[in-house]
>>> print(open('my_file24.pdb').read())   # PDB, C-alpha atoms
ATOM      1  CA  LYS A 168     -33.949 -33.687 107.468  1.00  0.00           C
ATOM      2  CA  ASP A 169     -30.218 -33.072 107.663  1.00  0.00           C
ATOM      3  CA  ALA A 170     -30.580 -31.267 110.987  1.00  0.00           C
ATOM      4  CA  ARG A 171     -32.729 -34.034 112.452  1.00  0.00           C
ATOM      5  CA  ALA A 172     -30.263 -36.670 111.260  1.00  0.00           C
ATOM      6  CA  ALA A 173     -27.334 -34.796 112.828  1.00  0.00           C
ATOM      7  CA  LEU A 174     -29.173 -34.486 116.151  1.00  0.00           C
ATOM      8  CA  THR A 175     -30.080 -38.183 116.098  1.00  0.00           C
ATOM      9  CA  LYS A 176     -26.371 -39.023 115.860  1.00  0.00           C
ATOM     10  CA  GLN A 177     -25.375 -36.574 118.611  1.00  0.00           C
ATOM     11  CA  GLN A 178     -28.411 -35.992 120.792  1.00  0.00           C
ATOM     12  CA  ASP A 179     -26.557 -33.994 123.435  1.00  0.00           C
ATOM     13  CA  SER A 180     -24.926 -31.606 120.961  1.00  0.00           C
ATOM     14  CA  MET A 181     -26.120 -28.088 121.745  1.00  0.00           C
ATOM     15  CA  ASN A 182     -24.899 -26.975 118.320  1.00  0.00           C
ATOM     16  CA  ASN A 183     -27.089 -29.586 116.616  1.00  0.00           C
ATOM     17  CA  ILE A 184     -30.083 -28.665 118.786  1.00  0.00           C
ATOM     18  CA  ILE A 185     -29.745 -25.019 117.798  1.00  0.00           C
ATOM     19  CA  LYS A 186     -29.332 -25.902 114.097  1.00  0.00           C
ATOM     20  CA  LEU A 187     -32.518 -27.974 114.147  1.00  0.00           C
ATOM     21  CA  ALA A 188     -34.431 -25.240 115.982  1.00  0.00           C
ATOM     22  CA  ASP A 189     -33.296 -22.654 113.417  1.00  0.00           C
ATOM     23  CA  ALA A 190     -34.224 -24.964 110.521  1.00  0.00           C
ATOM     24  CA  LEU A 191     -37.698 -25.499 111.981  1.00  0.00           C
ATOM     25  CA  ALA A 192     -38.199 -21.763 112.541  1.00  0.00           C
ATOM     26  CA  ASP A 193     -37.219 -21.026 108.937  1.00  0.00           C
ATOM     27  CA  MET A 194     -40.032 -23.237 107.620  1.00  0.00           C
ATOM     28  CA  SER A 195     -42.571 -20.444 108.246  1.00  0.00           C
ATOM     29  CA  ASP A 196     -44.981 -22.978 109.708  1.00  0.00           C
ATOM     30  CA  GLU A 197     -46.654 -22.481 113.096  1.00  0.00           C
ATOM     31  CA  GLN A 198     -46.371 -26.124 114.107  1.00  0.00           C
ATOM     32  CA  ALA A 199     -42.678 -26.219 113.166  1.00  0.00           C
ATOM     33  CA  ALA A 200     -42.100 -22.939 115.023  1.00  0.00           C
ATOM     34  CA  ALA A 201     -43.755 -24.334 118.162  1.00  0.00           C
ATOM     35  CA  GLU A 202     -41.553 -27.423 117.900  1.00  0.00           C
ATOM     36  CA  ALA A 203     -38.453 -25.224 117.624  1.00  0.00           C
ATOM     37  CA  VAL A 204     -39.328 -23.254 120.762  1.00  0.00           C
ATOM     38  CA  GLN A 205     -40.136 -26.441 122.702  1.00  0.00           C
ATOM     39  CA  LEU A 206     -36.932 -28.116 121.527  1.00  0.00           C
ATOM     40  CA  LEU A 207     -34.865 -25.293 122.972  1.00  0.00           C
ATOM     41  CA  GLU A 208     -36.945 -25.208 126.166  1.00  0.00           C
ATOM     42  CA  ASP A 209     -36.362 -28.925 126.746  1.00  0.00           C
ATOM     43  CA  ALA A 210     -32.644 -28.521 126.055  1.00  0.00           C
ATOM     44  CA  TYR A 211     -32.404 -25.637 128.518  1.00  0.00           C
ATOM     45  CA  LYS A 212     -34.207 -27.547 131.258  1.00  0.00           C
ATOM     46  CA  LYS A 213     -31.760 -30.400 130.775  1.00  0.00           C
ATOM     47  CA  SER A 214     -28.531 -28.391 130.477  1.00  0.00           C
ATOM     48  CA  ARG A 215     -29.328 -25.129 132.340  1.00  0.00           C
ATOM     49  CA  ASP A 216     -27.062 -23.520 129.724  1.00  0.00           C
ATOM     50  CA  PHE A 217     -28.241 -19.927 129.346  1.00  0.00           C
ATOM     51  CA  ASN A 218     -26.888 -19.788 125.784  1.00  0.00           C
ATOM     52  CA  ILE A 219     -29.756 -22.119 124.862  1.00  0.00           C
ATOM     53  CA  LYS A 220     -32.285 -19.919 126.671  1.00  0.00           C
ATOM     54  CA  ARG A 221     -30.853 -16.820 125.001  1.00  0.00           C
ATOM     55  CA  HIS A 222     -31.141 -18.443 121.578  1.00  0.00           C
ATOM     56  CA  GLN A 223     -34.713 -19.444 122.356  1.00  0.00           C
ATOM     57  CA  GLY A 224     -35.517 -15.850 123.247  1.00  0.00           C
ATOM     58  CA  LEU A 225     -34.034 -14.550 120.001  1.00  0.00           C
ATOM     59  CA  LEU A 226     -35.959 -17.169 118.048  1.00  0.00           C
ATOM     60  CA  LYS A 227     -39.230 -16.191 119.751  1.00  0.00           C
ATOM     61  CA  ILE A 228     -38.551 -12.546 118.919  1.00  0.00           C
ATOM     62  CA  LYS A 229     -37.836 -13.440 115.292  1.00  0.00           C
ATOM     63  CA  LEU A 230     -41.100 -15.406 115.004  1.00  0.00           C
ATOM     64  CA  LEU A 231     -43.123 -12.626 116.658  1.00  0.00           C
ATOM     65  CA  LYS A 232     -41.632 -10.035 114.305  1.00  0.00           C
ATOM     66  CA  GLN A 233     -42.808 -12.174 111.401  1.00  0.00           C
ATOM     67  CA  LYS A 234     -46.318 -12.261 112.900  1.00  0.00           C
ATOM     68  CA  LEU A 235     -46.264  -8.507 113.407  1.00  0.00           C
ATOM     69  CA  ARG A 236     -45.260  -7.893 109.779  1.00  0.00           C
ATOM     70  CA  LYS A 237     -48.104 -10.122 108.591  1.00  0.00           C
ATOM     71  CA  ALA A 238     -50.554  -8.322 110.872  1.00  0.00           C
ATOM     72  CA  LYS A 239     -49.408  -4.927 109.545  1.00  0.00           C
ATOM     73  CA  THR A 240     -49.844  -6.092 105.952  1.00  0.00           C
ATOM     74  CA  GLN A 241     -53.324  -7.369 106.774  1.00  0.00           C
ATOM     75  CA  ALA A 242     -54.236  -4.138 108.567  1.00  0.00           C
ATOM     76  CA  GLU A 243     -53.159  -2.079 105.539  1.00  0.00           C
ATOM     77  CA  ALA A 244     -55.305  -4.280 103.278  1.00  0.00           C
ATOM     78  CA  GLN A 245     -58.314  -4.149 105.639  1.00  0.00           C
ATOM     79  CA  PRO A 246     -58.095  -0.781 107.438  1.00  0.00           C
ATOM     80  CA  GLY A 247     -61.686  -0.866 108.675  1.00  0.00           C
ATOM     81  CA  ASP A 248     -61.617  -4.360 110.173  1.00  0.00           C
ATOM     82  CA  SER A 249     -61.653  -4.137 113.983  1.00  0.00           C
ATOM     83  CA  ASN A 250     -60.576  -7.772 114.352  1.00  0.00           C
ATOM     84  CA  VAL A 251     -57.476  -7.104 112.277  1.00  0.00           C
ATOM     85  CA  LYS A 252     -56.681  -4.033 114.396  1.00  0.00           C
ATOM     86  CA  THR A 253     -56.998  -6.164 117.546  1.00  0.00           C
ATOM     87  CA  LEU A 254     -54.696  -8.744 115.990  1.00  0.00           C
ATOM     88  CA  LEU A 255     -52.124  -6.061 115.181  1.00  0.00           C
ATOM     89  CA  THR A 256     -52.260  -4.596 118.695  1.00  0.00           C
ATOM     90  CA  GLY A 257     -51.882  -8.036 120.222  1.00  0.00           C
ATOM     91  CA  ALA A 258     -48.920  -8.899 118.010  1.00  0.00           C
ATOM     92  CA  GLY A 259     -47.165  -5.664 118.945  1.00  0.00           C
ATOM     93  CA  LYS A 260     -47.734  -6.210 122.675  1.00  0.00           C
ATOM     94  CA  ALA A 261     -46.578  -9.831 122.504  1.00  0.00           C
ATOM     95  CA  LEU A 262     -43.349  -8.776 120.799  1.00  0.00           C
ATOM     96  CA  LEU A 263     -42.652  -6.003 123.306  1.00  0.00           C
ATOM     97  CA  ASP A 264     -43.373  -8.255 126.301  1.00  0.00           C
ATOM     98  CA  THR A 265     -41.164 -11.020 124.910  1.00  0.00           C
ATOM     99  CA  GLU A 266     -38.293  -8.635 124.174  1.00  0.00           C
ATOM    100  CA  LEU A 267     -38.567  -7.126 127.656  1.00  0.00           C
ATOM    101  CA  GLU A 268     -38.314 -10.508 129.376  1.00  0.00           C
ATOM    102  CA  HIS A 269     -35.564 -11.717 127.041  1.00  0.00           C
ATOM    103  CA  TYR A 270     -33.278  -8.767 127.716  1.00  0.00           C
ATOM    104  CA  ARG A 271     -34.080  -8.823 131.432  1.00  0.00           C
ATOM    105  CA  LEU A 272     -32.764 -12.373 131.551  1.00  0.00           C
ATOM    106  CA  CYS A 273     -29.747 -11.413 129.444  1.00  0.00           C
ATOM    107  CA  VAL A 274     -28.817  -8.608 131.861  1.00  0.00           C
ATOM    108  CA  GLU A 275     -29.346 -10.956 134.789  1.00  0.00           C
ATOM    109  CA  ASN A 276     -27.039 -13.581 133.271  1.00  0.00           C
ATOM    110  CA  TYR A 277     -24.528 -11.200 131.658  1.00  0.00           C
ATOM    111  CA  PRO A 278     -24.337  -8.409 134.258  1.00  0.00           C
ATOM    112  CA  THR A 279     -21.234  -6.779 132.730  1.00  0.00           C
ATOM    113  CA  ASP A 280     -22.472  -6.774 129.115  1.00  0.00           C
ATOM    114  CA  LEU A 281     -23.284  -3.138 128.350  1.00  0.00           C
ATOM    115  CA  ARG A 282     -24.892  -4.053 125.027  1.00  0.00           C
ATOM    116  CA  MET A 283     -27.499  -6.125 126.867  1.00  0.00           C
ATOM    117  CA  LYS A 284     -28.096  -3.248 129.297  1.00  0.00           C
ATOM    118  CA  TYR A 285     -28.676  -0.937 126.358  1.00  0.00           C
ATOM    119  CA  GLU A 286     -31.208  -3.306 124.762  1.00  0.00           C
ATOM    120  CA  TYR A 287     -33.016  -3.834 128.071  1.00  0.00           C
ATOM    121  CA  GLY A 288     -33.037  -0.100 128.751  1.00  0.00           C
ATOM    122  CA  VAL A 289     -34.619   0.569 125.359  1.00  0.00           C
ATOM    123  CA  ARG A 290     -37.378  -1.986 126.036  1.00  0.00           C
ATOM    124  CA  LEU A 291     -38.033  -0.538 129.476  1.00  0.00           C
ATOM    125  CA  MET A 292     -38.356   2.898 127.876  1.00  0.00           C
ATOM    126  CA  ARG A 293     -40.819   1.552 125.303  1.00  0.00           C
ATOM    127  CA  ASN A 294     -42.869   0.177 128.188  1.00  0.00           C
ATOM    128  CA  GLY A 295     -42.952   3.589 129.855  1.00  0.00           C
ATOM    129  CA  ARG A 296     -40.637   2.505 132.686  1.00  0.00           C
ATOM    130  CA  TYR A 297     -38.378   5.540 132.372  1.00  0.00           C
ATOM    131  CA  ASP A 298     -36.964   5.490 135.910  1.00  0.00           C
ATOM    132  CA  ASP A 299     -35.829   1.887 135.405  1.00  0.00           C
ATOM    133  CA  ALA A 300     -34.483   2.561 131.911  1.00  0.00           C
ATOM    134  CA  ILE A 301     -32.332   5.628 132.674  1.00  0.00           C
ATOM    135  CA  PRO A 302     -29.717   3.952 134.940  1.00  0.00           C
ATOM    136  CA  LEU A 303     -29.191   1.112 132.451  1.00  0.00           C
ATOM    137  CA  LEU A 304     -28.834   3.513 129.534  1.00  0.00           C
ATOM    138  CA  GLN A 305     -26.420   5.639 131.540  1.00  0.00           C
ATOM    139  CA  GLU A 306     -24.229   2.567 132.019  1.00  0.00           C
ATOM    140  CA  ALA A 307     -24.587   1.715 128.325  1.00  0.00           C
ATOM    141  CA  ARG A 308     -23.078   5.103 127.413  1.00  0.00           C
ATOM    142  CA  ASN A 309     -19.710   3.564 128.267  1.00  0.00           C
ATOM    143  CA  GLU A 310     -20.024   1.102 125.375  1.00  0.00           C
ATOM    144  CA  PRO A 311     -18.590   2.999 122.352  1.00  0.00           C
ATOM    145  CA  GLY A 312     -20.971   1.449 119.843  1.00  0.00           C
ATOM    146  CA  HIS A 313     -24.045   2.600 121.760  1.00  0.00           C
ATOM    147  CA  LYS A 314     -22.796   5.822 123.360  1.00  0.00           C
ATOM    148  CA  ILE A 315     -24.730   8.351 121.273  1.00  0.00           C
ATOM    149  CA  SER A 316     -27.830   6.206 120.922  1.00  0.00           C
ATOM    150  CA  ALA A 317     -27.904   5.631 124.685  1.00  0.00           C
ATOM    151  CA  MET A 318     -27.586   9.381 125.314  1.00  0.00           C
ATOM    152  CA  SER A 319     -30.413  10.006 122.859  1.00  0.00           C
ATOM    153  CA  LYS A 320     -32.641   7.511 124.682  1.00  0.00           C
ATOM    154  CA  ILE A 321     -31.743   9.023 128.082  1.00  0.00           C
ATOM    155  CA  GLY A 322     -32.773  12.435 126.796  1.00  0.00           C
ATOM    156  CA  LEU A 323     -36.011  10.991 125.473  1.00  0.00           C
ATOM    157  CA  CYS A 324     -36.739   9.368 128.843  1.00  0.00           C
ATOM    158  CA  PHE A 325     -36.254  12.739 130.554  1.00  0.00           C
ATOM    159  CA  PHE A 326     -38.487  14.375 127.936  1.00  0.00           C
ATOM    160  CA  LEU A 327     -41.258  11.798 128.372  1.00  0.00           C
ATOM    161  CA  LYS A 328     -41.036  12.211 132.176  1.00  0.00           C
ATOM    162  CA  GLY A 329     -41.553  15.947 131.718  1.00  0.00           C
ATOM    163  CA  TRP A 330     -38.002  16.778 132.815  1.00  0.00           C
ATOM    164  CA  PHE A 331     -37.420  19.131 129.913  1.00  0.00           C
ATOM    165  CA  SER A 332     -34.330  20.941 131.245  1.00  0.00           C
ATOM    166  CA  GLU A 333     -32.529  17.637 131.789  1.00  0.00           C
ATOM    167  CA  ALA A 334     -33.656  16.436 128.365  1.00  0.00           C
ATOM    168  CA  VAL A 335     -32.296  19.556 126.650  1.00  0.00           C
ATOM    169  CA  GLU A 336     -28.949  19.267 128.426  1.00  0.00           C
ATOM    170  CA  THR A 337     -28.662  15.603 127.458  1.00  0.00           C
ATOM    171  CA  PHE A 338     -29.552  16.206 123.808  1.00  0.00           C
ATOM    172  CA  LYS A 339     -27.037  19.066 123.603  1.00  0.00           C
ATOM    173  CA  GLU A 340     -24.322  16.877 125.099  1.00  0.00           C
ATOM    174  CA  ALA A 341     -25.108  14.087 122.626  1.00  0.00           C
ATOM    175  CA  ILE A 342     -25.037  16.482 119.650  1.00  0.00           C
ATOM    176  CA  GLU A 343     -21.617  17.751 120.704  1.00  0.00           C
ATOM    177  CA  ALA A 344     -20.293  14.209 121.162  1.00  0.00           C
ATOM    178  CA  HIS A 345     -21.746  12.845 117.918  1.00  0.00           C
ATOM    179  CA  GLU A 346     -19.133  12.518 115.199  1.00  0.00           C
ATOM    180  CA  PHE A 347     -21.528  12.926 112.273  1.00  0.00           C
ATOM    181  CA  LYS A 348     -23.510  16.159 112.039  1.00  0.00           C
ATOM    182  CA  ASP A 349     -26.033  15.356 109.304  1.00  0.00           C
ATOM    183  CA  ASP A 350     -26.935  11.669 109.616  1.00  0.00           C
ATOM    184  CA  SER A 351     -30.247  10.272 110.883  1.00  0.00           C
ATOM    185  CA  MET A 352     -29.077  10.303 114.505  1.00  0.00           C
ATOM    186  CA  ALA A 353     -27.975  13.942 114.247  1.00  0.00           C
ATOM    187  CA  LYS A 354     -31.402  14.875 112.866  1.00  0.00           C
ATOM    188  CA  GLU A 355     -33.215  12.951 115.592  1.00  0.00           C
ATOM    189  CA  LEU A 356     -31.150  14.618 118.315  1.00  0.00           C
ATOM    190  CA  LEU A 357     -31.682  18.087 116.860  1.00  0.00           C
ATOM    191  CA  TYR A 358     -35.424  17.493 116.494  1.00  0.00           C
ATOM    192  CA  ASN A 359     -35.764  16.287 120.087  1.00  0.00           C
ATOM    193  CA  LEU A 360     -33.637  19.192 121.319  1.00  0.00           C
ATOM    194  CA  SER A 361     -36.007  21.561 119.515  1.00  0.00           C
ATOM    195  CA  ARG A 362     -38.992  19.841 121.111  1.00  0.00           C
ATOM    196  CA  GLY A 363     -37.353  20.236 124.510  1.00  0.00           C
ATOM    197  CA  TYR A 364     -36.853  23.960 123.958  1.00  0.00           C
ATOM    198  CA  GLU A 365     -40.459  24.254 122.801  1.00  0.00           C
ATOM    199  CA  GLN A 366     -41.792  22.483 125.900  1.00  0.00           C
ATOM    200  CA  GLN A 367     -39.788  24.848 128.096  1.00  0.00           C
ATOM    201  CA  GLY A 368     -41.355  27.828 126.390  1.00  0.00           C
ATOM    202  CA  LEU A 369     -38.017  28.841 124.822  1.00  0.00           C
ATOM    203  CA  SER A 370     -39.566  29.692 121.485  1.00  0.00           C
ATOM    204  CA  VAL A 371     -36.580  31.589 120.056  1.00  0.00           C
ATOM    205  CA  GLU A 372     -34.188  28.713 120.813  1.00  0.00           C
ATOM    206  CA  ALA A 373     -36.715  26.211 119.466  1.00  0.00           C
ATOM    207  CA  LEU A 374     -37.223  28.175 116.252  1.00  0.00           C
ATOM    208  CA  ASN A 375     -33.486  28.507 115.622  1.00  0.00           C
ATOM    209  CA  SER A 376     -32.994  24.798 116.262  1.00  0.00           C
ATOM    210  CA  TYR A 377     -35.859  23.791 113.973  1.00  0.00           C
ATOM    211  CA  ARG A 378     -34.539  26.137 111.261  1.00  0.00           C
ATOM    212  CA  LYS A 379     -31.142  24.468 111.410  1.00  0.00           C
ATOM    213  CA  LEU A 380     -32.826  21.085 110.993  1.00  0.00           C
ATOM    214  CA  ALA A 381     -34.930  22.350 108.091  1.00  0.00           C
ATOM    215  CA  GLN A 382     -31.765  23.461 106.312  1.00  0.00           C
ATOM    216  CA  MET A 383     -30.444  19.907 106.714  1.00  0.00           C
ATOM    217  CA  ASP A 384     -33.668  18.101 105.764  1.00  0.00           C
ATOM    218  CA  PHE A 385     -36.656  20.244 104.796  1.00  0.00           C
ATOM    219  CA  GLY A 386     -39.069  17.294 104.871  1.00  0.00           C
ATOM    220  CA  TYR A 387     -38.070  15.936 108.273  1.00  0.00           C
ATOM    221  CA  LYS A 388     -41.160  14.949 110.290  1.00  0.00           C
ATOM    222  CA  ASP A 389     -43.325  18.045 111.058  1.00  0.00           C
ATOM    223  CA  VAL A 390     -40.477  20.583 111.154  1.00  0.00           C
ATOM    224  CA  ARG A 391     -42.063  22.921 108.562  1.00  0.00           C
ATOM    225  CA  GLN A 392     -45.333  23.113 110.490  1.00  0.00           C
ATOM    226  CA  ARG A 393     -43.550  23.766 113.777  1.00  0.00           C
ATOM    227  CA  ILE A 394     -41.442  26.530 112.223  1.00  0.00           C
ATOM    228  CA  ASP A 395     -44.530  28.190 110.743  1.00  0.00           C
ATOM    229  CA  LYS A 396     -46.321  27.993 114.104  1.00  0.00           C
ATOM    230  CA  LEU A 397     -43.395  29.461 116.040  1.00  0.00           C
ATOM    231  CA  ARG A 398     -42.927  32.272 113.522  1.00  0.00           C
ATOM    232  CA  LYS A 399     -46.548  33.306 113.969  1.00  0.00           C
ATOM    233  CA  THR A 400     -46.149  33.528 117.726  1.00  0.00           C
ATOM    234  CA  ASN A 401     -42.864  35.482 117.675  1.00  0.00           C
TER     235      ASN A 401
END
>>> encode(input="my_file24.pdb", output="structure tokens")
Amino acid sequence: KDARAALTKQQDSMNNIIKLADALADMSDEQAAAEAVQLLEDAYKKSRDFNIKRHQGLLKIKLLKQKLRKAKTQAEAQPGDSNVKTLLTGAGKALLDTELEHYRLCVENYPTDLRMKYEYGVRLMRNGRYDDAIPLLQEARNEPGHKISAMSKIGLCFFLKGWFSEAVETFKEAIEAHEFKDDSMAKELLYNLSRGYEQQGLSVEALNSYRKLAQMDFGYKDVRQRIDKLRKTN
């Protein structure tokens, strides 16, 4: 009510439009959520201010994440229900598609923002568009806050393309550049490096790398099983 009253007094205030849209989205009601999205769409068409469009995109993503969480909860409660599984798959695809378009527009409108290039690159990678993702992530390496994460994603793109030598080199470079040697990122990099060695047939290097990870975190993913398998073949 307060947000509506404020907008009534100043109907051209972008700040008031955004506040009302956020208030509607927070009501956890589908009709209110639809009104919020439409409110921002109408404001964007009138102003052509991309800040409004960007906020609309973030709001859509927020609402879709809520739907996805609900679908996951329902799927856990009804694991054998095919309709629920379809609902979950659809919610996941809708979120990914919306994020992809949102960050594409952000990169288009903020071409020098490396953070936006990182986010878009990640979504391209998740969509299997590795060749499109790699250049953006390589640019994003120059943003200090995303340097290591971007390198990790570049290595993963190479790995998923089947370019295992390039993936290994990238993971090794990221491990050397990473300040922390035992955090979650360090473990992820070491695990993916080990996988790269394994895919290249470098079983000794893979085993040594997995063993180092096991000494850091014995329960990390399937490290124990991979070590046991490699030991049997060496």
>>> closest_residue(input="my_file24.pdb", among="A:Thr240, A:Ser332, A:Gln382, A:Thr256", to="Gly363 in chain A", atoms="all atoms listed in the file")
A:Ser332
>>> closest_residue(input="my_file24.pdb", among="A:Thr400, A:Ala341, A:Gln392, A:Asp298", to="Leu369 in chain A", atoms="all atoms listed in the file")
A:Thr400
>>> axis_aligned_box(input="my_file24.pdb", around="range 388-399 of chain A", padding_each_side="3 Å", output="AutoDock Vina command-line options")
--center_x -43.5 --center_y 24.1 --center_z 112.3 --size_x 12.1 --size_y 24.4 --size_z 13.5
>>> resolve_selection(input="my_file24.pdb", expression="the PyMOL selection byres ((chain A and resi 185) around 9)", output="number ranges by chain")
A: 180-184, 186-190, 203, 206-207, 219, 222-223
>>> resolve_selection(input="my_file24.pdb", expression="the PyMOL selection byres ((chain A and resi 373) around 12)", output="VMD selection string")
chain A and resid 335 357 to 372 374 to 380 390 393 to 398 401
>>> residues_near_point(input="my_file24.pdb", point="(-33.5, -25.0, 126.3)", cutoff="9 Å", atoms="all atoms listed in the file", output="NGL selection string")
:A and (204-223)
>>> resolve_selection(input="my_file24.pdb", expression="the PyMOL selection byres ((chain A and resi 259) around 12)", output="NGL selection string")
:A and (228 or 231-239 or 252-258 or 260-266 or 293-294)
>>> atom_distance(input="my_file24.pdb", atom1="CA of Glu310 in chain A", atom2="CA of Leu327 in chain A")
24.0 Å
>>> residues_around(input="my_file24.pdb", residues="His313 in chain A", least_positions_apart="6", cutoff="10 Å", atoms="all atoms listed in the file", output="list in words")
Leu281, Arg282, Tyr285, Glu286, Leu304, Ala307 and Ser319 of chain A
>>> atom_distance(input="my_file24.pdb", atom1="CA of Tyr270 in chain A", atom2="CA of Phe326 in chain A")
23.7 Å
>>> closest_residue(input="my_file24.pdb", among="A:Lys284, A:Arg296, A:His269, A:Lys354", to="Phe325 in chain A", atoms="only C-alpha atoms")
A:Arg296
>>> decode(input="my_file24.pdb", residues="range 184-201 of chain A", atoms="N, CA, C and O atoms", output="tab-separated table (two decimals), in the first residue's frame")
chain	number	residue	atom	x	y	z
A	184	ILE	N	8.77	2.99	-8.95
A	184	ILE	CA	8.33	1.85	-9.77
A	184	ILE	C	9.04	0.58	-9.32
A	184	ILE	O	8.41	-0.48	-9.14
A	185	ILE	N	10.35	0.68	-9.12
A	185	ILE	CA	11.13	-0.48	-8.69
A	185	ILE	C	10.70	-0.94	-7.30
A	185	ILE	O	10.57	-2.15	-7.04
A	186	LYS	N	10.45	0.01	-6.39
A	186	LYS	CA	10.02	-0.35	-5.03
A	186	LYS	C	8.70	-1.09	-5.04
A	186	LYS	O	8.51	-2.07	-4.31
A	187	LEU	N	7.77	-0.63	-5.88
A	187	LEU	CA	6.47	-1.32	-5.97
A	187	LEU	C	6.64	-2.71	-6.58
A	187	LEU	O	6.05	-3.68	-6.10
A	188	ALA	N	7.45	-2.81	-7.61
A	188	ALA	CA	7.69	-4.13	-8.24
A	188	ALA	C	8.29	-5.10	-7.23
A	188	ALA	O	7.88	-6.27	-7.16
A	189	ASP	N	9.26	-4.64	-6.44
A	189	ASP	CA	9.89	-5.50	-5.44
A	189	ASP	C	8.88	-5.92	-4.37
A	189	ASP	O	8.87	-7.07	-3.90
A	190	ALA	N	8.03	-4.96	-3.95
A	190	ALA	CA	7.01	-5.26	-2.93
A	190	ALA	C	6.02	-6.31	-3.44
A	190	ALA	O	5.64	-7.24	-2.71
A	191	LEU	N	5.63	-6.18	-4.70
A	191	LEU	CA	4.71	-7.16	-5.29
A	191	LEU	C	5.36	-8.53	-5.38
A	191	LEU	O	4.73	-9.56	-5.08
A	192	ALA	N	6.63	-8.56	-5.80
A	192	ALA	CA	7.34	-9.84	-5.94
A	192	ALA	C	7.49	-10.54	-4.59
A	192	ALA	O	7.47	-11.78	-4.51
A	193	ASP	N	7.64	-9.77	-3.52
A	193	ASP	CA	7.84	-10.34	-2.19
A	193	ASP	C	6.56	-10.91	-1.59
A	193	ASP	O	6.59	-11.52	-0.51
A	194	MET	N	5.43	-10.72	-2.25
A	194	MET	CA	4.16	-11.22	-1.72
A	194	MET	C	3.99	-12.72	-1.92
A	194	MET	O	3.07	-13.32	-1.38
A	195	SER	N	4.88	-13.33	-2.72
A	195	SER	CA	4.81	-14.77	-3.00
A	195	SER	C	3.45	-15.17	-3.55
A	195	SER	O	2.85	-16.18	-3.16
A	196	ASP	N	2.94	-14.35	-4.45
A	196	ASP	CA	1.65	-14.58	-5.09
A	196	ASP	C	1.86	-14.45	-6.60
A	196	ASP	O	2.46	-13.48	-7.07
A	197	GLU	N	1.37	-15.43	-7.36
A	197	GLU	CA	1.62	-15.44	-8.81
A	197	GLU	C	1.03	-14.22	-9.52
A	197	GLU	O	1.65	-13.67	-10.43
A	198	GLN	N	-0.15	-13.82	-9.11
A	198	GLN	CA	-0.78	-12.66	-9.73
A	198	GLN	C	0.02	-11.38	-9.44
A	198	GLN	O	0.24	-10.55	-10.32
A	199	ALA	N	0.47	-11.25	-8.20
A	199	ALA	CA	1.28	-10.09	-7.81
A	199	ALA	C	2.61	-10.10	-8.55
A	199	ALA	O	3.11	-9.05	-8.98
A	200	ALA	N	3.20	-11.30	-8.70
A	200	ALA	CA	4.47	-11.42	-9.41
A	200	ALA	C	4.32	-11.02	-10.87
A	200	ALA	O	5.17	-10.32	-11.43
A	201	ALA	N	3.23	-11.45	-11.50
A	201	ALA	CA	2.96	-11.09	-12.89
A	201	ALA	C	2.79	-9.58	-13.03
A	201	ALA	O	3.27	-8.96	-14.00
